Amino acid sequence: MAVSLIILAAGKGTRMQSDLPKVLHKVAGAPLLIHAMKSGAAVEPERSIVVAGHGAQAVEAAARDWSDDVDVVLQTEQLGTGHAVMQARAALEGFDGDAIVLYGDTPFIQPETLEAMIAARANTDVVVLGFEAADPGRYGRLVMDGDALQAITEFKDADEATRAINLCNSGVIAAKADVLFDLLDGVNDDNAAGEYYLTDIIAIARTRGLSAGVVRCDEAETMGINSRPELAVAEAAFQVRARAAAMGNGVTLQAPDTVYFSHDTYIGADTIVEPNVVFAVGVTVENDAQIRAFSHLEGCHVSRGSVVGPYARLRPGAELAENVKIGNFVEIKNAVIDAGAKVNHLSYIGDAHVGERSNIGAGTITCNYDGVFKHKTTIGADVFVGSNTMLVAPVTMGDESMSATGTVVTRDVPAGDLAVGRARQENKAGFARRMFEKLKSQKANARKGA
């Protein structure tokens, strides 16, 4: 049966103490909302509807940036989860399939859990995702009769016996879409919060002779994010899983607790990652590479056999071919470095193409920005760029060319040529000694005057 997602993302999140909508706060470089959308995408939904409210324009922009296929509907008043789900009714008009309700602030529901809910729907009209809580706290409780779910009772409406139950409600619900909305028509706001609870549909379903059941998951999957401390806990939980997954896939992490991944980081087997490395969004590292300590990578691609760092920075658009070496205190931005090339020390290569086997000397800078436009530097194959060379773009160095140390390259260098572009040195006899004697005398006189 076809599946659609309804992702609730209308809340402000006042405990975040932020102007940013709660679902746009990030874990592992991606908004919480995107984590929820990624989890749901694994079940290949026919439709995805995001219910936005506070900061709706920003929420819609983030959702559409991730997927062009998402529909965004507006909840102008936050009157509870049941009311929020009802805003998706028009978007699912005529849809003959299941709807799964997810939450934009609950980023860790696993695809296999959603698949289990879909499977359970074959024999149950309404399926709720529950978990055994170590500390049930203020979670809603799942009231069971054997394997049948009788009701979901919110904590504030529960008596002491119900509060003693430790099987809790995650909020995630699956039902046939038309059944879900028919049940919601029967929900009212006669409760302590004066809201329309999505959870009330269980009791209504039972009165109508419909069945309700529970699929259980690990409590960690149901973590909801409502405050900065909870956001930090979620980040830590993500990193623990990401590190374990990387090592399970054949990556060596020398000091796992010091390595940080983004939600989309990919690292191939037999790559070694040294301590204190950060992978920001958009990084792919192929097999057999080495990322050395204290390096920062973002929006880049590192091919097999390459070495990066220590203390290197790869910025968006950095493309390293096989067996490239990027050394200490080197920054690469929007540049292609071909196979076997080396940029080993204290250099900036931006908006450039470096050819195969070329060597970029220490202190080299591609002067790519004129204050308005960015310009490209092209360095051919087997080029030797001398230390402290300034390449004033746009400029090209041909294959097997060379620049002398300290050269400022302002014109193209033909293949095989040596470029020398520096001021002629003059030695002024005795000038340094006389200058220092004069300065020291001035300093001594100043101290006497003081």
# chains A, B, ... in the order shown; residues from 1 in each chain; ligands from 1
$ select_by_dssp --residues "segment 212-390 of chain A" --states "strand (DSSP E or B)" --output "tab-separated table (two decimals) with N, CA, C and O atoms, in the first residue's frame"
chain	number	residue	atom	x	y	z
A	212	ALA	N	-6.38	-1.18	17.45
A	212	ALA	CA	-5.20	-0.33	17.64
A	212	ALA	C	-4.11	-1.17	18.29
A	212	ALA	O	-4.38	-1.99	19.18
A	213	GLY	N	-2.88	-0.99	17.83
A	213	GLY	CA	-1.77	-1.76	18.36
A	213	GLY	C	-0.53	-0.90	18.50
A	213	GLY	O	-0.51	0.29	18.13
A	214	VAL	N	0.53	-1.51	19.02
A	214	VAL	CA	1.77	-0.80	19.32
A	214	VAL	C	2.94	-1.52	18.70
A	214	VAL	O	3.05	-2.75	18.78
A	215	VAL	N	3.82	-0.75	18.07
A	215	VAL	CA	5.14	-1.22	17.68
A	215	VAL	C	6.13	-0.55	18.62
A	215	VAL	O	6.07	0.67	18.83
A	216	ARG	N	7.04	-1.33	19.19
A	216	ARG	CA	7.99	-0.79	20.15
A	216	ARG	C	9.34	-0.49	19.50
A	216	ARG	O	9.78	-1.21	18.61
A	252	THR	N	39.35	3.60	10.20
A	252	THR	CA	40.10	3.68	11.45
A	252	THR	C	39.96	5.08	12.03
A	252	THR	O	40.35	6.06	11.38
A	253	LEU	N	39.42	5.18	13.23
A	253	LEU	CA	39.36	6.44	13.97
A	253	LEU	C	40.32	6.30	15.15
A	253	LEU	O	40.07	5.53	16.08
A	260	TYR	N	34.29	14.48	14.47
A	260	TYR	CA	32.91	14.90	14.34
A	260	TYR	C	32.45	14.78	12.89
A	260	TYR	O	33.13	15.24	11.97
A	266	TYR	N	30.54	10.74	4.12
A	266	TYR	CA	30.84	9.40	3.64
A	266	TYR	C	32.36	9.21	3.67
A	266	TYR	O	33.11	10.02	3.10
A	267	ILE	N	32.81	8.13	4.31
A	267	ILE	CA	34.24	7.81	4.36
A	267	ILE	C	34.41	6.34	3.98
A	267	ILE	O	33.75	5.46	4.53
A	272	ILE	N	42.20	6.28	7.26
A	272	ILE	CA	42.63	6.54	8.63
A	272	ILE	C	42.30	8.00	8.96
A	272	ILE	O	42.70	8.91	8.22
A	273	VAL	N	41.59	8.19	10.06
A	273	VAL	CA	41.26	9.54	10.52
A	273	VAL	C	41.95	9.74	11.86
A	273	VAL	O	41.67	9.05	12.84
A	278	VAL	N	37.23	17.44	11.92
A	278	VAL	CA	35.82	17.81	11.76
A	278	VAL	C	35.43	17.64	10.30
A	278	VAL	O	36.06	18.22	9.40
A	279	PHE	N	34.38	16.85	10.09
A	279	PHE	CA	33.79	16.71	8.76
A	279	PHE	C	32.50	17.52	8.75
A	279	PHE	O	31.50	17.10	9.34
A	284	THR	N	32.98	13.75	1.03
A	284	THR	CA	33.18	12.36	0.63
A	284	THR	C	34.68	12.07	0.63
A	284	THR	O	35.45	12.80	0.01
A	285	VAL	N	35.05	11.01	1.34
A	285	VAL	CA	36.45	10.56	1.36
A	285	VAL	C	36.46	9.12	0.87
A	285	VAL	O	35.78	8.26	1.43
A	290	GLN	N	44.07	9.28	4.07
A	290	GLN	CA	44.46	9.59	5.44
A	290	GLN	C	44.13	11.05	5.72
A	290	GLN	O	44.59	11.95	5.00
A	291	ILE	N	43.34	11.26	6.77
A	291	ILE	CA	43.00	12.61	7.19
A	291	ILE	C	43.71	12.84	8.51
A	291	ILE	O	43.36	12.25	9.54
A	296	HIS	N	40.00	20.30	8.98
A	296	HIS	CA	38.57	20.64	8.85
A	296	HIS	C	38.20	20.52	7.38
A	296	HIS	O	38.81	21.18	6.53
A	297	LEU	N	37.19	19.68	7.09
A	297	LEU	CA	36.78	19.45	5.71
A	297	LEU	C	35.31	19.80	5.54
A	297	LEU	O	34.48	19.47	6.40
A	301	HIS	N	35.75	16.61	-1.88
A	301	HIS	CA	35.90	15.21	-2.27
A	301	HIS	C	37.38	14.86	-2.22
A	301	HIS	O	38.21	15.54	-2.83
A	302	VAL	N	37.70	13.78	-1.49
A	302	VAL	CA	39.08	13.33	-1.35
A	302	VAL	C	39.17	11.92	-1.94
A	302	VAL	O	38.48	11.01	-1.47
A	307	VAL	N	46.40	12.23	1.11
A	307	VAL	CA	46.69	12.58	2.50
A	307	VAL	C	46.37	14.05	2.70
A	307	VAL	O	46.80	14.91	1.92
A	308	VAL	N	45.63	14.33	3.79
A	308	VAL	CA	45.21	15.69	4.08
A	308	VAL	C	45.65	16.03	5.50
A	308	VAL	O	45.34	15.30	6.44
A	313	ARG	N	42.75	22.72	5.83
A	313	ARG	CA	41.35	23.10	5.67
A	313	ARG	C	40.95	22.92	4.21
A	313	ARG	O	41.53	23.56	3.32
A	314	LEU	N	39.97	22.05	3.98
A	314	LEU	CA	39.39	21.88	2.65
A	314	LEU	C	38.02	22.53	2.66
A	314	LEU	O	37.12	22.10	3.38
A	319	GLU	N	38.45	19.50	-4.77
A	319	GLU	CA	38.39	18.17	-5.38
A	319	GLU	C	39.81	17.63	-5.49
A	319	GLU	O	40.62	18.13	-6.28
A	320	LEU	N	40.10	16.62	-4.68
A	320	LEU	CA	41.43	16.03	-4.70
A	320	LEU	C	41.38	14.71	-5.44
A	320	LEU	O	40.61	13.81	-5.09
A	325	LYS	N	48.68	15.15	-1.98
A	325	LYS	CA	49.11	15.47	-0.62
A	325	LYS	C	48.84	16.94	-0.33
A	325	LYS	O	49.34	17.82	-1.03
A	326	ILE	N	48.00	17.14	0.70
A	326	ILE	CA	47.71	18.49	1.19
A	326	ILE	C	48.25	18.57	2.61
A	326	ILE	O	47.80	17.84	3.49
A	327	GLY	N	49.24	19.43	2.82
A	327	GLY	CA	49.96	19.40	4.09
A	327	GLY	C	49.48	20.38	5.13
A	327	GLY	O	48.36	20.89	5.09
A	328	ASN	N	50.37	20.68	6.07
A	328	ASN	CA	50.01	21.47	7.24
A	328	ASN	C	49.77	22.94	6.90
A	328	ASN	O	50.51	23.55	6.14
A	331	GLU	N	45.17	25.66	2.84
A	331	GLU	CA	43.74	25.85	2.60
A	331	GLU	C	43.46	25.70	1.11
A	331	GLU	O	44.13	26.32	0.28
A	332	ILE	N	42.47	24.87	0.80
A	332	ILE	CA	42.07	24.63	-0.59
A	332	ILE	C	40.60	25.01	-0.71
A	332	ILE	O	39.76	24.55	0.07
A	333	LYS	N	40.25	25.84	-1.70
A	333	LYS	CA	38.86	26.26	-1.89
A	333	LYS	C	38.53	26.28	-3.37
A	333	LYS	O	39.25	26.89	-4.16
A	334	ASN	N	37.44	25.62	-3.74
A	334	ASN	CA	36.95	25.64	-5.13
A	334	ASN	C	38.10	25.39	-6.11
A	334	ASN	O	38.30	26.13	-7.05
A	335	ALA	N	38.83	24.31	-5.86
A	335	ALA	CA	40.00	24.02	-6.68
A	335	ALA	C	40.08	22.51	-6.93
A	335	ALA	O	39.77	21.71	-6.06
A	336	VAL	N	40.55	22.16	-8.13
A	336	VAL	CA	40.79	20.76	-8.50
A	336	VAL	C	42.29	20.50	-8.43
A	336	VAL	O	43.07	21.21	-9.06
A	337	ILE	N	42.66	19.50	-7.66
A	337	ILE	CA	44.07	19.13	-7.53
A	337	ILE	C	44.22	17.75	-8.16
A	337	ILE	O	43.68	16.76	-7.66
A	342	LYS	N	51.16	17.98	-5.08
A	342	LYS	CA	51.46	18.23	-3.67
A	342	LYS	C	51.34	19.72	-3.36
A	342	LYS	O	51.87	20.56	-4.09
A	343	VAL	N	50.63	19.99	-2.27
A	343	VAL	CA	50.58	21.35	-1.70
A	343	VAL	C	50.89	21.15	-0.22
A	343	VAL	O	50.00	20.97	0.60
A	344	ASN	N	52.16	21.17	0.11
A	344	ASN	CA	52.57	20.62	1.40
A	344	ASN	C	52.60	21.61	2.56
A	344	ASN	O	52.47	21.19	3.71
A	345	HIS	N	52.81	22.89	2.32
A	345	HIS	CA	53.06	23.77	3.46
A	345	HIS	C	52.47	25.16	3.26
A	345	HIS	O	52.73	25.82	2.26
A	348	TYR	N	47.70	28.83	0.18
A	348	TYR	CA	46.28	28.99	-0.13
A	348	TYR	C	46.10	28.80	-1.63
A	348	TYR	O	46.68	29.53	-2.45
A	349	ILE	N	45.27	27.81	-1.99
A	349	ILE	CA	44.94	27.56	-3.39
A	349	ILE	C	43.43	27.66	-3.55
A	349	ILE	O	42.69	26.81	-3.09
A	350	GLY	N	42.99	28.74	-4.19
A	350	GLY	CA	41.56	28.97	-4.37
A	350	GLY	C	41.22	29.28	-5.81
A	350	GLY	O	42.00	29.96	-6.51
A	351	ASP	N	40.07	28.79	-6.27
A	351	ASP	CA	39.61	29.02	-7.65
A	351	ASP	C	40.72	28.65	-8.63
A	351	ASP	O	41.17	29.48	-9.44
A	352	ALA	N	41.15	27.40	-8.54
A	352	ALA	CA	42.34	27.00	-9.30
A	352	ALA	C	42.22	25.56	-9.80
A	352	ALA	O	41.36	24.79	-9.36
A	353	HIS	N	43.11	25.24	-10.72
A	353	HIS	CA	43.29	23.87	-11.19
A	353	HIS	C	44.78	23.59	-11.19
A	353	HIS	O	45.55	24.27	-11.88
A	354	VAL	N	45.18	22.57	-10.42
A	354	VAL	CA	46.58	22.19	-10.33
A	354	VAL	C	46.75	20.86	-11.02
A	354	VAL	O	46.09	19.87	-10.69
A	359	ASN	N	54.14	20.48	-7.97
A	359	ASN	CA	54.54	20.74	-6.59
A	359	ASN	C	54.36	22.22	-6.29
A	359	ASN	O	54.95	23.07	-6.98
A	360	ILE	N	53.58	22.51	-5.27
A	360	ILE	CA	53.32	23.89	-4.89
A	360	ILE	C	54.15	24.19	-3.65
A	360	ILE	O	53.98	23.60	-2.59
A	365	ILE	N	50.38	31.57	-2.79
A	365	ILE	CA	49.02	32.08	-2.70
A	365	ILE	C	48.50	32.34	-4.11
A	365	ILE	O	49.17	32.99	-4.92
A	366	THR	N	47.29	31.83	-4.40
A	366	THR	CA	46.58	32.24	-5.60
A	366	THR	C	45.78	33.49	-5.25
A	366	THR	O	44.86	33.44	-4.43
A	367	CYS	N	46.16	34.60	-5.84
A	367	CYS	CA	45.50	35.87	-5.54
A	367	CYS	C	44.28	35.95	-6.45
A	367	CYS	O	44.32	36.51	-7.54
A	369	TYR	N	41.00	37.09	-5.86
A	369	TYR	CA	39.87	38.01	-5.62
A	369	TYR	C	40.34	39.45	-5.81
A	369	TYR	O	41.32	39.88	-5.18
A	374	LYS	N	35.94	36.84	-8.58
A	374	LYS	CA	36.92	35.78	-8.37
A	374	LYS	C	37.49	35.37	-9.73
A	374	LYS	O	36.76	35.27	-10.72
A	377	THR	N	43.15	30.50	-11.46
A	377	THR	CA	44.56	30.19	-11.70
A	377	THR	C	44.64	28.77	-12.25
A	377	THR	O	44.06	27.84	-11.68
A	378	THR	N	45.37	28.59	-13.35
A	378	THR	CA	45.55	27.27	-13.95
A	378	THR	C	47.02	26.92	-13.92
A	378	THR	O	47.86	27.65	-14.47
A	379	ILE	N	47.33	25.81	-13.29
A	379	ILE	CA	48.71	25.32	-13.18
A	379	ILE	C	48.75	23.97	-13.88
A	379	ILE	O	47.99	23.06	-13.55
A	384	PHE	N	56.68	23.23	-11.13
A	384	PHE	CA	57.29	23.48	-9.83
A	384	PHE	C	57.07	24.95	-9.50
A	384	PHE	O	57.62	25.83	-10.17
A	385	VAL	N	56.25	25.18	-8.47
A	385	VAL	CA	55.98	26.54	-8.04
A	385	VAL	C	56.86	26.82	-6.83
A	385	VAL	O	56.73	26.18	-5.78
A	390	MET	N	53.41	34.39	-5.54
A	390	MET	CA	52.08	34.97	-5.61
A	390	MET	C	51.59	34.84	-7.05
A	390	MET	O	52.23	35.36	-7.99
$ residues_around --residues "His35 of chain A" --least-positions-apart "6" --cutoff "10 Å" --atoms "only C-alpha atoms" --output "NGL selection string"
:A and (23 or 26-28 or 41 or 104-109 or 263)
$ residues_around --residues "Glu93 of chain A" --least-positions-apart "4" --cutoff "9 Å" --atoms "only C-alpha atoms" --output "list of chain:residue names"
A:Ala88, A:Arg89, A:Asp178
$ select_by_dssp --residues "segment 144-231 of chain A" --states "helix (DSSP H, G or I)" --output "PyMOL selection string"
chain A and resi 155-157+160-163+177-184+198-207+219-222+228-231
$ residues_around --residues "Leu184 of chain A" --least-positions-apart "3" --cutoff "9 Å" --atoms "only C-alpha atoms" --output "list in words"
Gly82, His83, Val85, Met86, Val179, Leu180, Phe181, Val187, Asn188, Tyr196, Tyr197, Leu198, Asp200, Ile201 and Ile204 of chain A
$ atom_distance --atom1 "atom CA of Leu33 of chain A" --atom2 "atom CA of Arg47 of chain A"
16.1 Å
$ atom_distance --atom1 "atom CA of Gly80 of chain A" --atom2 "atom CA of Asp145 of chain A"
26.8 Å
$ residues_around --residues "Leu8 of chain A" --least-positions-apart "5" --cutoff "8 Å" --atoms "only C-alpha atoms" --output "ChimeraX atom specification"
/A:50-52,81,84-85,101-104
$ atom_distance --atom1 "atom CA of Thr124 of chain A" --atom2 "atom CA of Asp159 of chain A"
27.6 Å
$ decode --residues "segment 99-121 of chain A" --atoms "N, CA, C and O atoms" --output "PDB file, in the first residue's frame"
ATOM      1  N   ALA A  99      -1.080   6.881   6.089  1.00  0.00           N
ATOM      2  CA  ALA A  99      -0.398   8.113   6.498  1.00  0.00           C
ATOM      3  C   ALA A  99       0.362   7.835   7.781  1.00  0.00           C
ATOM      4  O   ALA A  99      -0.165   7.203   8.701  1.00  0.00           O
ATOM      5  N   ILE A 100       1.602   8.300   7.834  1.00  0.00           N
ATOM      6  CA  ILE A 100       2.408   8.199   9.049  1.00  0.00           C
ATOM      7  C   ILE A 100       2.680   9.610   9.550  1.00  0.00           C
ATOM      8  O   ILE A 100       3.171  10.458   8.791  1.00  0.00           O
ATOM      9  N   VAL A 101       2.364   9.846  10.809  1.00  0.00           N
ATOM     10  CA  VAL A 101       2.595  11.156  11.421  1.00  0.00           C
ATOM     11  C   VAL A 101       3.957  11.133  12.105  1.00  0.00           C
ATOM     12  O   VAL A 101       4.212  10.307  12.994  1.00  0.00           O
ATOM     13  N   LEU A 102       4.848  12.034  11.680  1.00  0.00           N
ATOM     14  CA  LEU A 102       6.171  12.204  12.276  1.00  0.00           C
ATOM     15  C   LEU A 102       6.287  13.613  12.856  1.00  0.00           C
ATOM     16  O   LEU A 102       5.411  14.459  12.638  1.00  0.00           O
ATOM     17  N   TYR A 103       7.405  13.865  13.511  1.00  0.00           N
ATOM     18  CA  TYR A 103       7.604  15.147  14.189  1.00  0.00           C
ATOM     19  C   TYR A 103       8.943  15.753  13.777  1.00  0.00           C
ATOM     20  O   TYR A 103       9.970  15.080  13.806  1.00  0.00           O
ATOM     21  N   GLY A 104       8.901  17.012  13.418  1.00  0.00           N
ATOM     22  CA  GLY A 104      10.103  17.694  12.957  1.00  0.00           C
ATOM     23  C   GLY A 104      11.150  17.898  14.018  1.00  0.00           C
ATOM     24  O   GLY A 104      12.305  18.208  13.703  1.00  0.00           O
ATOM     25  N   ASP A 105      10.778  17.736  15.298  1.00  0.00           N
ATOM     26  CA  ASP A 105      11.752  17.890  16.374  1.00  0.00           C
ATOM     27  C   ASP A 105      12.177  16.552  16.964  1.00  0.00           C
ATOM     28  O   ASP A 105      12.784  16.497  18.034  1.00  0.00           O
ATOM     29  N   THR A 106      11.862  15.464  16.265  1.00  0.00           N
ATOM     30  CA  THR A 106      12.226  14.114  16.715  1.00  0.00           C
ATOM     31  C   THR A 106      13.051  13.469  15.602  1.00  0.00           C
ATOM     32  O   THR A 106      12.499  12.843  14.700  1.00  0.00           O
ATOM     33  N   PRO A 107      14.377  13.646  15.632  1.00  0.00           N
ATOM     34  CA  PRO A 107      15.188  13.365  14.440  1.00  0.00           C
ATOM     35  C   PRO A 107      15.657  11.936  14.256  1.00  0.00           C
ATOM     36  O   PRO A 107      16.201  11.620  13.191  1.00  0.00           O
ATOM     37  N   PHE A 108      15.467  11.060  15.254  1.00  0.00           N
ATOM     38  CA  PHE A 108      16.186   9.790  15.209  1.00  0.00           C
ATOM     39  C   PHE A 108      15.325   8.549  15.002  1.00  0.00           C
ATOM     40  O   PHE A 108      15.782   7.427  15.221  1.00  0.00           O
ATOM     41  N   ILE A 109      14.063   8.704  14.566  1.00  0.00           N
ATOM     42  CA  ILE A 109      13.255   7.530  14.243  1.00  0.00           C
ATOM     43  C   ILE A 109      13.921   6.797  13.082  1.00  0.00           C
ATOM     44  O   ILE A 109      14.204   7.385  12.039  1.00  0.00           O
ATOM     45  N   GLN A 110      14.166   5.509  13.257  1.00  0.00           N
ATOM     46  CA  GLN A 110      14.915   4.744  12.256  1.00  0.00           C
ATOM     47  C   GLN A 110      14.005   4.199  11.148  1.00  0.00           C
ATOM     48  O   GLN A 110      12.846   3.854  11.404  1.00  0.00           O
ATOM     49  N   PRO A 111      14.519   4.100   9.938  1.00  0.00           N
ATOM     50  CA  PRO A 111      13.713   3.574   8.823  1.00  0.00           C
ATOM     51  C   PRO A 111      13.122   2.198   9.104  1.00  0.00           C
ATOM     52  O   PRO A 111      11.970   1.920   8.750  1.00  0.00           O
ATOM     53  N   GLU A 112      13.887   1.323   9.751  1.00  0.00           N
ATOM     54  CA  GLU A 112      13.376  -0.013  10.022  1.00  0.00           C
ATOM     55  C   GLU A 112      12.197   0.015  10.999  1.00  0.00           C
ATOM     56  O   GLU A 112      11.318  -0.857  10.958  1.00  0.00           O
ATOM     57  N   THR A 113      12.165   1.022  11.859  1.00  0.00           N
ATOM     58  CA  THR A 113      11.023   1.182  12.771  1.00  0.00           C
ATOM     59  C   THR A 113       9.772   1.567  11.988  1.00  0.00           C
ATOM     60  O   THR A 113       8.683   1.031  12.233  1.00  0.00           O
ATOM     61  N   LEU A 114       9.925   2.477  11.051  1.00  0.00           N
ATOM     62  CA  LEU A 114       8.781   2.868  10.223  1.00  0.00           C
ATOM     63  C   LEU A 114       8.314   1.691   9.369  1.00  0.00           C
ATOM     64  O   LEU A 114       7.109   1.506   9.163  1.00  0.00           O
ATOM     65  N   GLU A 115       9.252   0.908   8.876  1.00  0.00           N
ATOM     66  CA  GLU A 115       8.873  -0.278   8.093  1.00  0.00           C
ATOM     67  C   GLU A 115       8.097  -1.275   8.946  1.00  0.00           C
ATOM     68  O   GLU A 115       7.143  -1.913   8.469  1.00  0.00           O
ATOM     69  N   ALA A 116       8.478  -1.402  10.219  1.00  0.00           N
ATOM     70  CA  ALA A 116       7.747  -2.290  11.132  1.00  0.00           C
ATOM     71  C   ALA A 116       6.324  -1.782  11.351  1.00  0.00           C
ATOM     72  O   ALA A 116       5.373  -2.578  11.442  1.00  0.00           O
ATOM     73  N   MET A 117       6.161  -0.467  11.432  1.00  0.00           N
ATOM     74  CA  MET A 117       4.817   0.095  11.593  1.00  0.00           C
ATOM     75  C   MET A 117       3.970  -0.156  10.358  1.00  0.00           C
ATOM     76  O   MET A 117       2.773  -0.482  10.465  1.00  0.00           O
ATOM     77  N   ILE A 118       4.579  -0.012   9.191  1.00  0.00           N
ATOM     78  CA  ILE A 118       3.845  -0.272   7.953  1.00  0.00           C
ATOM     79  C   ILE A 118       3.412  -1.736   7.887  1.00  0.00           C
ATOM     80  O   ILE A 118       2.274  -2.062   7.507  1.00  0.00           O
ATOM     81  N   ALA A 119       4.320  -2.633   8.287  1.00  0.00           N
ATOM     82  CA  ALA A 119       3.983  -4.067   8.288  1.00  0.00           C
ATOM     83  C   ALA A 119       2.850  -4.355   9.270  1.00  0.00           C
ATOM     84  O   ALA A 119       1.939  -5.152   8.983  1.00  0.00           O
ATOM     85  N   ALA A 120       2.884  -3.723  10.444  1.00  0.00           N
ATOM     86  CA  ALA A 120       1.845  -3.946  11.457  1.00  0.00           C
ATOM     87  C   ALA A 120       0.487  -3.447  10.990  1.00  0.00           C
ATOM     88  O   ALA A 120      -0.557  -3.976  11.408  1.00  0.00           O
ATOM     89  N   ARG A 121       0.497  -2.463  10.117  1.00  0.00           N
ATOM     90  CA  ARG A 121      -0.765  -1.905   9.615  1.00  0.00           C
ATOM     91  C   ARG A 121      -1.561  -2.933   8.808  1.00  0.00           C
ATOM     92  O   ARG A 121      -2.780  -2.791   8.652  1.00  0.00           O
TER      93      ARG A 121
END
